[in-house]
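Peer 1: The structure's right below; bear with me while I get my questions together.
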Amino acid sequence: MGRTARETASPAERGRLPAAFRALMVSEAVSSAGSQLTLVALPVLAAADLGASPSQIALLSGAQFVPVLLVTPFAGRLADLRDRAPLLYASHFARAVVLLLVVVLAAAAWLNYATLFAAAVLLGAFTALFDTALLAYVPDTVETEDLTRGNGQLAAVNAVSGTAGPAIGGLVVSGLGPGLALALDSVSYLFGGAALRARPKPSRNRATRENASIRAGFTAVAASDPLRRLVAAGSLFNLAEQVALSVLFIAVVQEADHTVAFLGFGFSAAGVGSVIGARATARYGAGDGARSWVWALLVSQAALLAALWSLGFGLLGAVAFLASMLVYGAAMAFYNVHSLTRRQLVSPEGMLGRVNAVYRTFAFGTIPIGAGAAALLLLFTSAPVAATLVAVLSVVATWVLARGTYTTERQDEAWTAR
């Protein structure tokens, strides 16, 4: 089947994406930047104002991520049953209210650790709802041939926030205090919600009540060969990546005698790479997505291993480490965008919210397993060897899984019709 003139046109020739998507971009840019303030401000508030212990601060940081596993399946069902735009701006406004409540309680000296912990859990729950609905909302705002471009632009916005946000958040919290930083984040959510509310887009392909169960999402993934491969590959990669990242600190600081600041530069290089990768995907990555996500995933694995093994070679090794982290970040962004686009294209009608929920449940579920595996492997071997063993197994498994996605464009079109 031939491609239309619009499909073969460059991004510049296609022009700007629709107004609803641009509103989503503005909302995401503002709210994701504000979220970096809360990421820094919550533990500082717990330590400075409430005298929380290190273990309590660790629990507080984890409280925002626990709801991802608990809430995401229900969020996927909501994203299939209801219009997604109202879910998105309701999530924004709900998080703004939670943060404002924390600010008011802190100012009145009525805030305690239990209340702050509950607020962190609520923030995580509403964030899980937002993220799940967001992944299903993008296809409502752009044409099918612009999905990769739209996903790439959103990924670039988040990459910029994730790269520059922690440093800026630290400066804001240091200068204004954690209370005002949380207030600013609350305002960012209000602004983001208002931007979305101004240009809502009705959802396409919503589910019917008869086929809206959470279980149906798992059944749909199990019945679809491309979806099974995407979920399995993403879960395996997250497990291997978590092992590598868990041992990275030990490899850099203890085994290679570098400073923590050097490790920070490595993660900054990965952040810059993710911005480059996301922008490149948005501009040039609209080709064979089935082939692209496979290669991007394998390149990211190789780059992370190269970073670990380069540490023992002096100045040249340090340069190679930073370069490898840059490539790792770029490949990860490229993989994430194409993996998301594939899910959006091959999900059955009315199932995208639940399919994304299944993917996120399995992908995030392997992260604590990877952390535990890293601790176990380090009892018997060095950090680079531990990461290499897991990565090699992951690469082999990913290659086997990916063979079924090495398809022609005509076969890709057949996928979307299933």
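Numbering starts fresh at 1 for the residues of each chain in the structure tokens, the chains themselves are lettered A, B, ... in the order given, and ligands are numbered from 1 as they appear.
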Any idea what's packed within 7 Å of Val68 in chain A, counting only C-alpha atoms, ignoring anything in its chain fewer than 6 positions away? Could you give it as a VMD selection string?
Peer 2: chain A and resid 124 to 125 128
Peer 1: Pull N, CA and C atoms from the residues just selected and write them as a CSV table (one decimal), in the first residue's frame.
Peer 2:
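Result file is selection_34.csv:
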chain,number,residue,atom,x,y,z
A,124,GLY,N,1.3,10.3,44.3
A,124,GLY,CA,1.7,9.2,43.4
A,124,GLY,C,0.5,8.6,42.7
A,125,ALA,N,-0.6,8.5,43.4
A,125,ALA,CA,-1.8,7.9,42.8
A,125,ALA,C,-2.4,8.8,41.7
A,128,ALA,N,-0.1,8.5,38.7
A,128,ALA,CA,-0.3,7.2,38.0
A,128,ALA,C,-1.5,7.3,37.1
Peer 1: Under the rule of at most 8 Å, produce a per-residue listing of range 137-214 of chain A near range 103-121 of chain A: chain, number, name, the closest pair of atoms, and the distance in Å, as a tab-separated table, using only C-alpha atoms.
Peer 2:
residue	atom	partner	partner_atom	distance
A:Gly179	CA	A:Val103	CA	5.6
A:Leu180	CA	A:Val103	CA	7.6
A:Leu182	CA	A:Val103	CA	6.8
A:Ala183	CA	A:Val103	CA	6.5
Peer 1: Only N, CA and C atoms, please: the residues just picked out, written as a JSON list (two decimals), in the first residue's frame.
Peer 2:
[["chain", "number", "residue", "atom", "x", "y", "z"],
["A", 179, "GLY", "N", 8.49, 24.94, 51.56],
["A", 179, "GLY", "CA", 7.08, 25.31, 51.51],
["A", 179, "GLY", "C", 6.73, 26.11, 50.27],
["A", 180, "LEU", "N", 7.51, 27.14, 49.96],
["A", 180, "LEU", "CA", 7.25, 27.95, 48.78],
["A", 180, "LEU", "C", 7.50, 27.15, 47.49],
["A", 182, "LEU", "N", 6.89, 23.95, 47.11],
["A", 182, "LEU", "CA", 5.68, 23.16, 46.91],
["A", 182, "LEU", "C", 4.53, 24.03, 46.40],
["A", 183, "ALA", "N", 4.44, 25.26, 46.89],
["A", 183, "ALA", "CA", 3.40, 26.18, 46.42],
["A", 183, "ALA", "C", 3.58, 26.47, 44.94]]
Peer 1: Hey, which of A:Ala63, A:Val160, A:Ala318, A:Leu24 ends up closest to Arg197 in chain A? Count only C-alpha atoms.
Peer 2: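 Among the listed residues, A:Leu24 lies closest to Arg197 in chain A.
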Peer 1: Please compute the CA of Ala47 in chain A-CA of Val172 in chain A distance, one decimal, in Å.
Peer 2: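 Calculated distance between CA of Ala47 in chain A and CA of Val172 in chain A is 16.7 Å.
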Peer 1: Measuring between only C-alpha atoms, which one of A:Val294, A:Ala155, A:Leu190, A:Leu17 shows the shortest distance to Arg342 in chain A?
Peer 2: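 Under the stated criterion, the closest residue is A:Val294.
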Peer 1: Can you write out as a tab-separated table which residues of range 165-281 of chain A fall within 10 Å of range 27-45 of chain A, alongside each residue's closest atom pair and its distance in Å to one decimal, counting only C-alpha atoms and ordering rows by chain and ascending residue number?
Peer 2:
residue	atom	partner	partner_atom	distance
A:Gly165	CA	A:Gln36	CA	5.2
A:Pro166	CA	A:Gln36	CA	5.8
A:Ala167	CA	A:Gln36	CA	8.9
A:Ile168	CA	A:Leu37	CA	7.9
A:Gly169	CA	A:Leu37	CA	4.6
A:Gly170	CA	A:Val40	CA	6.3
A:Leu171	CA	A:Leu37	CA	9.4
A:Val172	CA	A:Leu37	CA	7.4
A:Val173	CA	A:Ala41	CA	6.2
A:Ser174	CA	A:Ala41	CA	9.3
A:Gly177	CA	A:Ala41	CA	7.9
A:Pro178	CA	A:Ala41	CA	4.6
A:Gly179	CA	A:Leu45	CA	7.4
A:Leu180	CA	A:Ala41	CA	9.1
A:Ala181	CA	A:Leu37	CA	5.9
A:Leu182	CA	A:Thr38	CA	5.7
A:Ala183	CA	A:Thr38	CA	9.2
A:Leu184	CA	A:Gly34	CA	6.9
A:Asp185	CA	A:Gly34	CA	4.4
A:Ser186	CA	A:Gly34	CA	7.7
A:Val187	CA	A:Gly34	CA	8.3
A:Ser188	CA	A:Ser31	CA	5.1
A:Tyr189	CA	A:Ser31	CA	5.3
A:Leu190	CA	A:Ser31	CA	8.5
A:Phe191	CA	A:Ser27	CA	7.1
A:Gly192	CA	A:Ser27	CA	3.9
A:Gly193	CA	A:Ser27	CA	6.8
A:Ala194	CA	A:Ser27	CA	8.1
A:Ala195	CA	A:Ser27	CA	5.7
A:Leu196	CA	A:Ser27	CA	6.4
A:Arg197	CA	A:Ser27	CA	9.8
